[in-house]
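Only one structure is covered here, and it is reproduced in the block below.
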Amino acid sequence: MRLAVIGAGAVGRSVVKLAGEHGHEVVAVADSSSAVVADGTDGSGGAVGVDADAVVARKAERGIVGDDDPADALTADYDVLVEATPTTLGDAEPGFSHVRTALERDRHVVLANKGPVAERYGDLRALAADSAGDVRFEATVGGAIPAVSTVEDIEPSHVTAVRGVLNGTANFILTRMAAEGLDYDHVLSEAQDLGVAEADPSFDVDGTDAALKCVILANVLSFGAVDDPADAREFSLADASVEGIRDVPGSVLRLAAEDGRTVRLIGEATGETVQVAPRLVPENGTLAVSGTQNIVQLETTHAGRLNISGHGAGGPETASAVLGDVGRLE
Amino acid sequence: MSDSRDGAPEEAVTGDATDEGPTDPAADGGHDPTPSTHTVRLELVDEPGQLLAALQPIANNGGNLLSIYHERGNKTPRGRIPVEVDFEATTERFEGIVEALRAEGITVMQAGTERYAEEITLVLFGHLIDTDLSDTLSRIEASASTSVADVSLAAPQGTEEVSSARLRLEARSGETGEAVAAVREIAEEKDLRVVAPLAGVEP
């Protein structure tokens with residue numbers, strides 16, 4: 001498949017680097033201010049892909065991916081648009097417009113950007129319905145963990161709930177607080193030094209990121225369980241009940257530990273509700289994954305309970321999910 | 001689980017080995033042959049033999065003993081020892097058991113059906129002391145479905161700062177959801193936060 005990769009952060013760059021290994025070709029890459037389109041810059045015809053190493057090097061050295069206009073990447077001759085720009089809330093722009101452009105051109109779209117899937121799922125489905133292209137978004141939930149495709153395999157109507165630890169930063173903080181008896185502020189600054197938490201950690205520690213993933217899962221369950229999308233309930237972040245971990249004192253973790261339990265930021269999605277909150281879980285239980293690990297737990301009507309754990313973030317990990325989706329579109 | 005409790009005694013009461021069919025009400029001779037779980041809270045005089053004396057009327061009147069919680073170190077103001085006994089019996093037999101206990105001169109403080117069938121542990125945090133912890137606990141107790149079995153408080157920063165309390169609640173069978181909802185309502189009013197387990201996932 002010929003890929004246009006929009007967004008040159010950790011995930012976008014990893015997709016560019018790993019696409020060849022998966023048998024795909026990157027024909028265009030864009031970030032917010034620059035682009036490289038194979039046909040234009042290499043002068044060697046549309047069939048030849050961009051030089052992945054050169055793109056990554058230019059981004060590192062000059063902060064640009066090439067000398068073309070980002071708009072050219074959207075209109076390049078690709079089969080699949082990989083949307084890996086940063087997640088935005090509300091109208092989910094500019095990611096949503098990128099998706100629209102590709103679908104209106106009857107091209108496939110693979111998203112790593114949670115915004116359009118969480119905030120405008122109905123619009124996304126409507127665009128896909130009118131297009132010969134399809135939309136996939138495995139990378140938006142749980143990084144490398146195949147959460148969405150597992151729900152699809154089991155069929156959404158046979159999945160009653162999906163829950164789990166879906167934010168590695170919050171999980172790292174809670175794990176360290178419990179293990180070392182430290183308070184939130186101390187562990188947060190440690191996580192920032194390690195690069196596990198961002199300078200502004202709100203998105204992770206307030207539960208927003210986990211909630212977006214649960215909203216996406218709720219949409220998959222809701223739309224997947226009905227024949228006519230008009231009958232499905234659409235979820236967005238506003239429908240989620242969200243509590244973060246910012247105020248959780250160390251004493252809560254100590255009291256939990258005395259009783260053989262610990263605290264994890266658990267998100268849960270059904271076809272009716274989305275909830276994210278710190279929860280008591282058995283200390284050695286399945287959901288008490290450590291550090292930056294994530295886990296997705298599915299409750300199914302016939303297949304029992306399924307657990308899948310792994311890396312919920314990271315460039316190559318998330319790129320694997322993106323490229324897995326590209327493979328499913330072949 | 002209430003399912004297993006409801007299921008097992010049915011066999012004990014009606015099930016001779018040859019009876020393979022569904023429970024026949026006539027086999028038990030009563031109107032309500034399905035035994036349910038009952039809890040009685042007794043106060044015993046601190047003397048040898050008192051516990052046995054209290055259990056005999058239960059066994060003799062058709063109660064199937066499930067558990068006995070003998071609070072040896074926890075005396076009432078009158079120096080008596082509280083004992084909580086769970087047993088299964090039909091409603092009709094349960095009434096007979098309570099009568100028999102009273103006839104033996106045993107103080108029955110509380111007698112109810114499935115009073116404490118399930119337990120749930122949760123942690124509250126926030127300004128617990130400033131918002132009157134004992135009032136919080138009394139109000140949780142006052143909600144229909146819940147009893148507070150145990151409280152552990154941690155206030156490492158002193159009583160004026162944020163503190164945490166682990167509560168072990170007892171709830172009627174199938175009512176842990178209501179119990180947690182009752183706690184959440186009181187907590188919200190007092191700007192406290194609740195860390196609860198996931199319903200129906202793990203204990």
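In the structure tokens, chains take the letters A, B, ... in the order shown, each chain's residues start at 1, and ligands count up from 1 in the order shown.
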*asked:* Residues near stretch 87-103 of chain B, anyone? I mean within 6 Å using only C-alpha atoms, not counting same-chain ones fewer than 5 positions away, as a ChimeraX atom specification.
replied: /B:34-38,57-58,61,63-66
Report as a CSV table (one decimal) with all heavy atoms, in the first residue's frame the set of chain A residues whose atoms approach chain B to within 8 Å, with distances computed over only C-alpha atoms.
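Here's the written file out.csv:
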chain,number,residue,atom,x,y,z
A,248,VAL,N,-5.2,12.3,44.5
A,248,VAL,CA,-5.1,11.1,45.4
A,248,VAL,C,-3.9,11.1,46.3
A,248,VAL,O,-2.8,11.2,45.9
A,248,VAL,CB,-5.1,9.8,44.5
A,248,VAL,CG1,-4.9,8.6,45.3
A,248,VAL,CG2,-6.3,9.7,43.6
A,249,PRO,N,-4.2,11.2,47.6
A,249,PRO,CA,-3.0,11.2,48.6
A,249,PRO,C,-2.4,9.9,48.7
A,249,PRO,O,-3.0,8.8,48.5
A,249,PRO,CB,-3.7,11.7,49.9
A,249,PRO,CG,-5.1,11.3,49.8
A,249,PRO,CD,-5.5,11.2,48.3
A,251,SER,N,-1.8,8.4,51.3
A,251,SER,CA,-2.5,7.6,52.4
A,251,SER,C,-3.5,6.7,51.8
A,251,SER,O,-3.8,5.6,52.4
A,251,SER,CB,-3.1,8.5,53.5
A,251,SER,OG,-4.0,9.4,52.9
A,252,VAL,N,-4.1,7.0,50.7
A,252,VAL,CA,-5.1,6.1,50.1
A,252,VAL,C,-4.5,4.8,49.6
A,252,VAL,O,-5.0,3.7,49.8
A,252,VAL,CB,-5.8,6.8,48.9
A,252,VAL,CG1,-6.6,5.8,48.0
A,252,VAL,CG2,-6.7,7.9,49.3
A,255,LEU,N,-3.6,2.7,52.7
A,255,LEU,CA,-4.7,2.0,53.3
A,255,LEU,C,-5.1,0.9,52.4
A,255,LEU,O,-5.5,-0.2,52.9
A,255,LEU,CB,-5.9,3.0,53.4
A,255,LEU,CG,-5.8,4.0,54.6
A,255,LEU,CD1,-7.0,4.9,54.5
A,255,LEU,CD2,-5.9,3.2,55.9
A,256,ALA,N,-5.0,1.1,51.1
A,256,ALA,CA,-5.4,0.0,50.1
A,256,ALA,C,-4.4,-1.1,50.3
A,256,ALA,O,-4.8,-2.3,50.3
A,256,ALA,CB,-5.4,0.6,48.7
A,263,VAL,N,-4.5,1.0,44.0
A,263,VAL,CA,-5.3,1.9,43.2
A,263,VAL,C,-4.8,2.0,41.8
A,263,VAL,O,-3.6,2.1,41.6
A,263,VAL,CB,-5.4,3.3,43.9
A,263,VAL,CG1,-6.3,4.2,43.1
A,263,VAL,CG2,-5.9,3.1,45.3
A,277,ALA,N,-12.0,6.5,36.6
A,277,ALA,CA,-11.8,6.9,38.0
A,277,ALA,C,-10.8,6.0,38.6
A,277,ALA,O,-10.5,4.9,38.2
A,277,ALA,CB,-13.1,6.8,38.7
A,278,PRO,N,-10.1,6.6,39.6
A,278,PRO,CA,-9.2,5.7,40.4
A,278,PRO,C,-10.1,4.6,41.1
A,278,PRO,O,-11.1,5.0,41.7
A,278,PRO,CB,-8.6,6.6,41.4
A,278,PRO,CG,-9.1,8.0,41.2
A,278,PRO,CD,-10.2,7.9,40.2
A,279,ARG,N,-9.6,3.4,41.0
A,279,ARG,CA,-10.4,2.3,41.6
A,279,ARG,C,-9.5,1.4,42.4
A,279,ARG,O,-8.3,1.3,42.2
A,279,ARG,CB,-11.0,1.4,40.4
A,279,ARG,CG,-11.9,2.1,39.5
A,279,ARG,CD,-13.2,2.3,40.2
A,279,ARG,NE,-14.3,2.5,39.2
A,279,ARG,CZ,-15.6,2.2,39.4
A,279,ARG,NH1,-15.9,1.8,40.6
A,279,ARG,NH2,-16.5,2.3,38.5
A,280,LEU,N,-10.2,0.8,43.4
A,280,LEU,CA,-9.5,-0.2,44.2
A,280,LEU,C,-9.5,-1.5,43.4
A,280,LEU,O,-10.5,-2.0,42.9
A,280,LEU,CB,-10.2,-0.5,45.5
A,280,LEU,CG,-10.1,0.5,46.7
A,280,LEU,CD1,-10.9,0.0,47.8
A,280,LEU,CD2,-8.6,0.6,47.1
A,281,VAL,N,-8.3,-2.1,43.3
A,281,VAL,CA,-8.2,-3.4,42.6
A,281,VAL,C,-7.3,-4.3,43.5
A,281,VAL,O,-6.4,-3.8,44.2
A,281,VAL,CB,-7.6,-3.3,41.2
A,281,VAL,CG1,-8.5,-2.5,40.3
A,281,VAL,CG2,-6.2,-2.7,41.2
A,282,PRO,N,-7.4,-5.6,43.4
A,282,PRO,CA,-6.5,-6.5,44.2
A,282,PRO,C,-5.1,-6.3,43.7
A,282,PRO,O,-4.8,-6.1,42.5
A,282,PRO,CB,-7.0,-7.9,43.8
A,282,PRO,CG,-8.4,-7.7,43.3
A,282,PRO,CD,-8.5,-6.4,42.7
*Within 10 Å of stretch 136-139 of chain B, counting only C-alpha atoms, which residues qualify if same-chain residues fewer than 3 places away don't, as a ChimeraX atom specification?*
/B:128-129,131-133,142-143,146-148,151,167,182-183,186-187,190
*Could you please write out, as a PyMOL selection string, every residue of stretch 75-194 of chain B that DSSP assigns to strand (DSSP E)?*
chain B and resi 81-89+107-113+118-126+146-154+163-171+193-194
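DSSP secondary structure from the backbone places Thr91, Glu92, Arg93, Phe94, Glu95, Gly96, Ile97, Val98, Glu99, Ala100, Leu101, Arg102, Ala103, Leu133, Ser134, Asp135, Thr136, Leu137, Ser138, Arg139, Ile140, Glu141 and Ala142 of chain B of stretch 82-158 of chain B in alpha helix (DSSP H).
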When you look at A:Arg125 with a cut-off of 9 Å (counting only C-alpha atoms), what residues show up, excluding the ones that are within fewer than 5 positions of it in the same chain? I need them as a short mmCIF file (atom, residue, chain, number, x, y, z; two decimals) with all heavy atoms, in the first residue's frame.
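This is the output file out_5.cif:
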data_model
loop_
_atom_site.label_atom_id
_atom_site.label_comp_id
_atom_site.auth_asym_id
_atom_site.auth_seq_id
_atom_site.Cartn_x
_atom_site.Cartn_y
_atom_site.Cartn_z
N ARG A 120 -16.06 12.92 17.10
CA ARG A 120 -16.96 13.05 15.94
C ARG A 120 -17.17 11.70 15.26
O ARG A 120 -17.09 11.58 14.04
CB ARG A 120 -16.38 14.08 14.95
CG ARG A 120 -16.23 15.46 15.57
CD ARG A 120 -15.71 16.47 14.59
NE ARG A 120 -16.67 16.76 13.52
CZ ARG A 120 -16.41 17.62 12.53
NH1 ARG A 120 -15.27 18.27 12.48
NH2 ARG A 120 -17.31 17.84 11.59
N ASP A 130 -20.12 7.09 2.74
CA ASP A 130 -20.22 7.66 1.40
C ASP A 130 -18.95 7.47 0.58
O ASP A 130 -18.84 8.01 -0.53
CB ASP A 130 -20.51 9.17 1.48
CG ASP A 130 -21.92 9.42 2.00
OD1 ASP A 130 -22.75 8.48 1.89
OD2 ASP A 130 -22.18 10.51 2.52
N VAL A 135 -12.22 3.40 7.31
CA VAL A 135 -11.53 4.07 8.40
C VAL A 135 -11.16 3.05 9.47
O VAL A 135 -12.02 2.27 9.89
CB VAL A 135 -12.43 5.14 9.06
CG1 VAL A 135 -11.71 5.81 10.23
CG2 VAL A 135 -12.85 6.18 8.04
N PRO A 229 -26.67 2.69 11.61
CA PRO A 229 -25.93 3.63 12.48
C PRO A 229 -26.84 4.68 13.13
O PRO A 229 -26.52 5.21 14.19
CB PRO A 229 -24.94 4.30 11.53
CG PRO A 229 -24.80 3.37 10.38
CD PRO A 229 -26.10 2.63 10.26
#
*Would you mind listing what lies within 10 Å of A:Ala8 as a PyMOL selection string, with only C-alpha atoms counted and same-chain residues fewer than 6 positions away left out?*
chain A and resi 14-16+29-32+34-35+55-56+59+63-65+83-86
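Residue nearest A:Asp69, chosen from A:Leu127, A:Thr169, A:Thr273, A:Val37 and counting only C-alpha atoms: A:Val37.
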*Could you name the residues that touch A:Asn219 at 9 Å or less, counting only C-alpha atoms, but leaving out those on the same chain fewer than 5 positions away, as a PyMOL selection string?*
chain A and resi 117-118+121-122+214+224+232-236+269-271
*asked:* From the options A:Leu217, A:Ala4, A:Ala60, A:Val50, which residue's atoms come nearest to A:Leu166, counting only C-alpha atoms?
replied: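 Smallest separation from A:Leu166 among the options: A:Leu217.
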*Show which residues sit within 12 Å of A:Ile245, as JSON, numbers by chain. Count only C-alpha atoms, and ignore same-chain residues fewer than 2 positions away.*
{"A": [167, 169, 170, 171, 172, 173, 174, 175, 177, 183, 184, 185, 188, 201, 202, 203, 204, 205, 206, 207, 208, 210, 242, 243, 247, 248, 249, 250, 252, 253, 263, 264, 265, 266, 276, 277, 278, 279], "B": [125, 193, 194, 195]}
*What is the atom CA of A:Thr300 to atom CA of A:His158 distance in Å?*
5.5 Å
